[in-house]
Amino acid sequence: LHFARTPSLSPRECLERLRSILSPHEIARGERIRRDSAARSFFVAHALLRSVLARELSTTPAALGFASDDFGKPLIVTNGATHVPEFSLTHTDGIVACIVATDRRVGVDAEPIDARDGIAEMIDRVLSRAERAALSTLDTNARGARLVEIWTIKEAYAKALGKGLSIPFPMIEVAFDRTRAIAVETSEDIDRDPTAWRFQTFTPTREHVVSTAVENVANDEADVVFEEHEFPFIGA
């Protein structure tokens with residue numbers, strides 16, 4: 001898992017530092033984002049992803065090509081063909097992250113801890129009845145933190161499955177046991193074996209929650225290894 005804190009620069013300053021490794025399409029998308037913090041995070045996230053993947057594939061960040069499938073999942077494309085590794089990208093105010101694997105599906109999502117208020121407003125569209133019941137047993141602070149964890153786990157899982165927001169989130173049910181081990185249940189239409197995944201949550205900064213979904217392959221549970229990167233990354 002690779003992450004970076006977004007610098008205290010304007011979106012234009014970030015772009016000027018990163019322009020040499022971003023594609024014209026990425027630049028145009030970022031320039032259409034009106035909120036400064038979101039535009040800044042967009043530029044930094046895509047530059048981080050290019051930097052990490054370039055190192056994995058022994059190429060330069062600017063040489064990488066990307067496409068999206070029908071559900072919006074990004075793919076690496078070279079000479080018309082898609083390639084490993086599998087990867088997932090997330091960005092939010094203050095932090096960006098990507099997760100990369102060569103032999104299994106992966107997903108990642110990050111949110112500020114104070115996003116709990118916004119998520120709470122969508123609780124009926126996010127949580128199952130069992131999840132709402134479990135939350136009701138927690139005190140106010142613990143309830144808010146758990147809500148952000150559940151949201152990011154669902155986002156990471158949906159990204160890893162390659163289905164994104166097409167999945168009704170109440171149909172993904174997240175449960176924590178007393179040791180904070182995470183179990184997920186869902187319908188066969190979404191995933192035939194949700195037990196074949198490892199879900200984890202992390203707090204790489206005091207202000208953010210990052211959750212990952214990593215597929216188990218041949219009963220092999222991969223460990224998530226953290227690496228923090230310093231802006232403006234390699235190749236920029």
# chains A, B, ... in the order shown; residues from 1 in each chain; ligands from 1

call {"tool": "residues_around", "arguments": {"residues": "segment 44-55 of chain A", "least_positions_apart": "4", "cutoff": "7 Å", "atoms": "only C-alpha atoms", "output": "ChimeraX atom specification"}}
result
/A:6,18,21-22,40,59-61,91,96-98,233-235

call {"tool": "residues_around", "arguments": {"residues": "Thr102 of chain A", "least_positions_apart": "2", "cutoff": "7 Å", "atoms": "only C-alpha atoms", "output": "list in words"}}
result
Val84, Pro85, Glu86, Val100 and Arg104 of chain A

call {"tool": "write_last_selection", "arguments": {"atoms": "C-alpha atoms", "output": "short mmCIF file (atom, residue, chain, number, x, y, z; two decimals), in the first residue's frame"}}
result
data_model
loop_
_atom_site.label_atom_id
_atom_site.label_comp_id
_atom_site.auth_asym_id
_atom_site.auth_seq_id
_atom_site.Cartn_x
_atom_site.Cartn_y
_atom_site.Cartn_z
CA VAL A 84 -0.80 -6.83 -14.58
CA PRO A 85 -0.33 -5.64 -11.93
CA GLU A 86 -3.73 -5.22 -10.38
CA VAL A 100 -0.71 -2.80 -6.13
CA ARG A 104 -4.69 -11.01 -6.97
#

call {"tool": "closest_residue", "arguments": {"among": "A:Leu75, A:Asp36, A:Glu26, A:Val106", "to": "Ala62 of chain A", "atoms": "only C-alpha atoms"}}
result
A:Glu26

call {"tool": "closest_atom_pairs", "arguments": {"of": "segment 153-180 of chain A", "to": "segment 207-220 of chain A", "cutoff": "9 Å", "atoms": "only C-alpha atoms", "output": "Markdown table"}}
result
| residue | atom | partner | partner_atom | distance |
| --- | --- | --- | --- | --- |
| A:Ile153 | CA | A:Ser211 | CA | 5.4 |
| A:Lys154 | CA | A:Ala213 | CA | 8.7 |
| A:Glu155 | CA | A:Ser211 | CA | 8.4 |
| A:Ala156 | CA | A:Ala213 | CA | 5.6 |
| A:Tyr157 | CA | A:Ala213 | CA | 5.3 |
| A:Ala158 | CA | A:Ala213 | CA | 8.8 |
| A:Lys159 | CA | A:Ala213 | CA | 8.6 |
| A:Ala160 | CA | A:Ala213 | CA | 6.6 |

call {"tool": "write_last_selection", "arguments": {"atoms": "N, CA and C atoms", "output": "PDB file, in the first residue's frame"}}
result
ATOM      1  N   ILE A 153     -14.424   0.122   3.873  1.00  0.00           N
ATOM      2  CA  ILE A 153     -14.311  -1.309   3.542  1.00  0.00           C
ATOM      3  C   ILE A 153     -15.201  -1.641   2.345  1.00  0.00           C
ATOM      4  N   LYS A 154     -16.418  -1.134   2.356  1.00  0.00           N
ATOM      5  CA  LYS A 154     -17.329  -1.412   1.251  1.00  0.00           C
ATOM      6  C   LYS A 154     -16.808  -0.812  -0.055  1.00  0.00           C
ATOM      7  N   GLU A 155     -16.286   0.395   0.016  1.00  0.00           N
ATOM      8  CA  GLU A 155     -15.724   1.035  -1.178  1.00  0.00           C
ATOM      9  C   GLU A 155     -14.544   0.221  -1.713  1.00  0.00           C
ATOM     10  N   ALA A 156     -13.637  -0.188  -0.817  1.00  0.00           N
ATOM     11  CA  ALA A 156     -12.460  -0.949  -1.246  1.00  0.00           C
ATOM     12  C   ALA A 156     -12.880  -2.279  -1.869  1.00  0.00           C
ATOM     13  N   TYR A 157     -13.828  -2.958  -1.270  1.00  0.00           N
ATOM     14  CA  TYR A 157     -14.322  -4.242  -1.772  1.00  0.00           C
ATOM     15  C   TYR A 157     -14.970  -4.080  -3.142  1.00  0.00           C
ATOM     16  N   ALA A 158     -15.814  -3.069  -3.282  1.00  0.00           N
ATOM     17  CA  ALA A 158     -16.478  -2.827  -4.572  1.00  0.00           C
ATOM     18  C   ALA A 158     -15.465  -2.527  -5.669  1.00  0.00           C
ATOM     19  N   LYS A 159     -14.418  -1.757  -5.331  1.00  0.00           N
ATOM     20  CA  LYS A 159     -13.367  -1.469  -6.311  1.00  0.00           C
ATOM     21  C   LYS A 159     -12.631  -2.742  -6.697  1.00  0.00           C
ATOM     22  N   ALA A 160     -12.304  -3.577  -5.704  1.00  0.00           N
ATOM     23  CA  ALA A 160     -11.573  -4.801  -5.981  1.00  0.00           C
ATOM     24  C   ALA A 160     -12.382  -5.748  -6.863  1.00  0.00           C
TER      25      ALA A 160
END

call {"tool": "residues_around", "arguments": {"residues": "segment 123-136 of chain A", "least_positions_apart": "2", "cutoff": "8 Å", "atoms": "only C-alpha atoms", "output": "MDAnalysis selection string"}}
result
chainID A and resid 119:121 138:139 143 146:147 151 168:175

call {"tool": "write_last_selection", "arguments": {"atoms": "N, CA and C atoms", "output": "mmCIF file, in the first residue's frame"}}
result
data_model
loop_
_atom_site.group_PDB
_atom_site.id
_atom_site.type_symbol
_atom_site.label_atom_id
_atom_site.label_comp_id
_atom_site.auth_asym_id
_atom_site.auth_seq_id
_atom_site.Cartn_x
_atom_site.Cartn_y
_atom_site.Cartn_z
ATOM 1 N N ILE A 119 -21.399 10.735 5.873
ATOM 2 C CA ILE A 119 -21.826 9.355 5.642
ATOM 3 C C ILE A 119 -23.103 9.068 6.426
ATOM 4 N N ALA A 120 -23.195 9.619 7.637
ATOM 5 C CA ALA A 120 -24.374 9.378 8.468
ATOM 6 C C ALA A 120 -25.655 9.843 7.781
ATOM 7 N N GLU A 121 -25.543 10.886 6.967
ATOM 8 C CA GLU A 121 -26.722 11.393 6.256
ATOM 9 C C GLU A 121 -27.210 10.403 5.198
ATOM 10 N N LEU A 138 -22.993 1.133 20.118
ATOM 11 C CA LEU A 138 -21.750 1.848 20.391
ATOM 12 C C LEU A 138 -22.045 3.259 20.867
ATOM 13 N N ASP A 139 -21.079 3.850 21.596
ATOM 14 C CA ASP A 139 -21.249 5.246 21.990
ATOM 15 C C ASP A 139 -21.031 6.147 20.780
ATOM 16 N N ARG A 143 -19.271 5.060 17.341
ATOM 17 C CA ARG A 143 -20.207 4.868 16.231
ATOM 18 C C ARG A 143 -19.735 5.614 14.993
ATOM 19 N N ARG A 146 -16.643 3.813 13.524
ATOM 20 C CA ARG A 146 -17.013 2.548 12.887
ATOM 21 C C ARG A 146 -17.731 2.789 11.555
ATOM 22 N N LEU A 147 -18.522 3.835 11.499
ATOM 23 C CA LEU A 147 -19.238 4.153 10.264
ATOM 24 C C LEU A 147 -18.257 4.439 9.129
ATOM 25 N N TRP A 151 -17.812 2.162 5.693
ATOM 26 C CA TRP A 151 -17.902 2.789 4.378
ATOM 27 C C TRP A 151 -16.660 2.502 3.534
ATOM 28 N N PRO A 168 -25.307 -2.149 -4.688
ATOM 29 C CA PRO A 168 -26.048 -1.520 -3.576
ATOM 30 C C PRO A 168 -25.330 -1.822 -2.262
ATOM 31 N N PHE A 169 -24.817 -0.796 -1.611
ATOM 32 C CA PHE A 169 -23.990 -1.020 -0.425
ATOM 33 C C PHE A 169 -24.703 -1.748 0.720
ATOM 34 N N PRO A 170 -26.019 -1.580 0.928
ATOM 35 C CA PRO A 170 -26.653 -2.368 1.992
ATOM 36 C C PRO A 170 -26.581 -3.876 1.749
ATOM 37 N N MET A 171 -26.277 -4.298 0.519
ATOM 38 C CA MET A 171 -26.158 -5.725 0.225
ATOM 39 C C MET A 171 -24.770 -6.268 0.559
ATOM 40 N N ILE A 172 -23.853 -5.392 0.952
ATOM 41 C CA ILE A 172 -22.564 -5.817 1.491
ATOM 42 C C ILE A 172 -22.616 -5.587 2.990
ATOM 43 N N GLU A 173 -22.512 -6.656 3.765
ATOM 44 C CA GLU A 173 -22.661 -6.548 5.213
ATOM 45 C C GLU A 173 -21.317 -6.771 5.898
ATOM 46 N N VAL A 174 -20.858 -5.768 6.644
ATOM 47 C CA VAL A 174 -19.561 -5.799 7.307
ATOM 48 C C VAL A 174 -19.767 -5.981 8.811
ATOM 49 N N ALA A 175 -19.010 -6.913 9.399
ATOM 50 C CA ALA A 175 -19.102 -7.156 10.835
ATOM 51 C C ALA A 175 -17.713 -7.234 11.441
#

call {"tool": "select_by_dssp", "arguments": {"residues": "segment 59-179 of chain A", "states": "strand (DSSP E or B)", "output": "number ranges by chain"}}
result
A: 66-68, 74-78, 81-83, 86-92, 95-101, 106-112, 173-176

call {"tool": "closest_residue", "arguments": {"among": "A:Val77, A:Ala4, A:Asp223, A:Phe43", "to": "Arg17 of chain A", "atoms": "only C-alpha atoms"}}
result
A:Phe43

call {"tool": "select_by_dssp", "arguments": {"residues": "segment 15-210 of chain A", "states": "alpha helix (DSSP H)", "output": "ChimeraX atom specification"}}
result
/A:15-18,24-31,36-57,116-120,123-126,129-135,140-161

call {"tool": "residues_around", "arguments": {"residues": "Ser10 of chain A", "least_positions_apart": "3", "cutoff": "9 Å", "atoms": "only C-alpha atoms", "output": "list in words"}}
result
Pro7, Glu13, Cys14, Leu15, Asp36, Ser37, Ala39 and Arg40 of chain A

call {"tool": "closest_residue", "arguments": {"among": "A:Leu57, A:Leu64, A:Arg12, A:Ile167", "to": "Glu31 of chain A", "atoms": "only C-alpha atoms"}}
result
A:Arg12

call {"tool": "atom_distance", "arguments": {"atom1": "atom CA of Ser41 of chain A", "atom2": "atom CA of Ile182 of chain A"}}
result
28.7 Å

call {"tool": "residues_around", "arguments": {"residues": "Gly164 of chain A", "least_positions_apart": "6", "cutoff": "12 Å", "atoms": "only C-alpha atoms", "output": "list in words"}}
result
Ser68, Asp69, Asp70, Phe71, Gly72, Lys73, Pro74, Ser88, Gly107, Val108, Asp109, Lys154, Glu155, Ala156, Tyr157, Ala158 and Ile190 of chain A
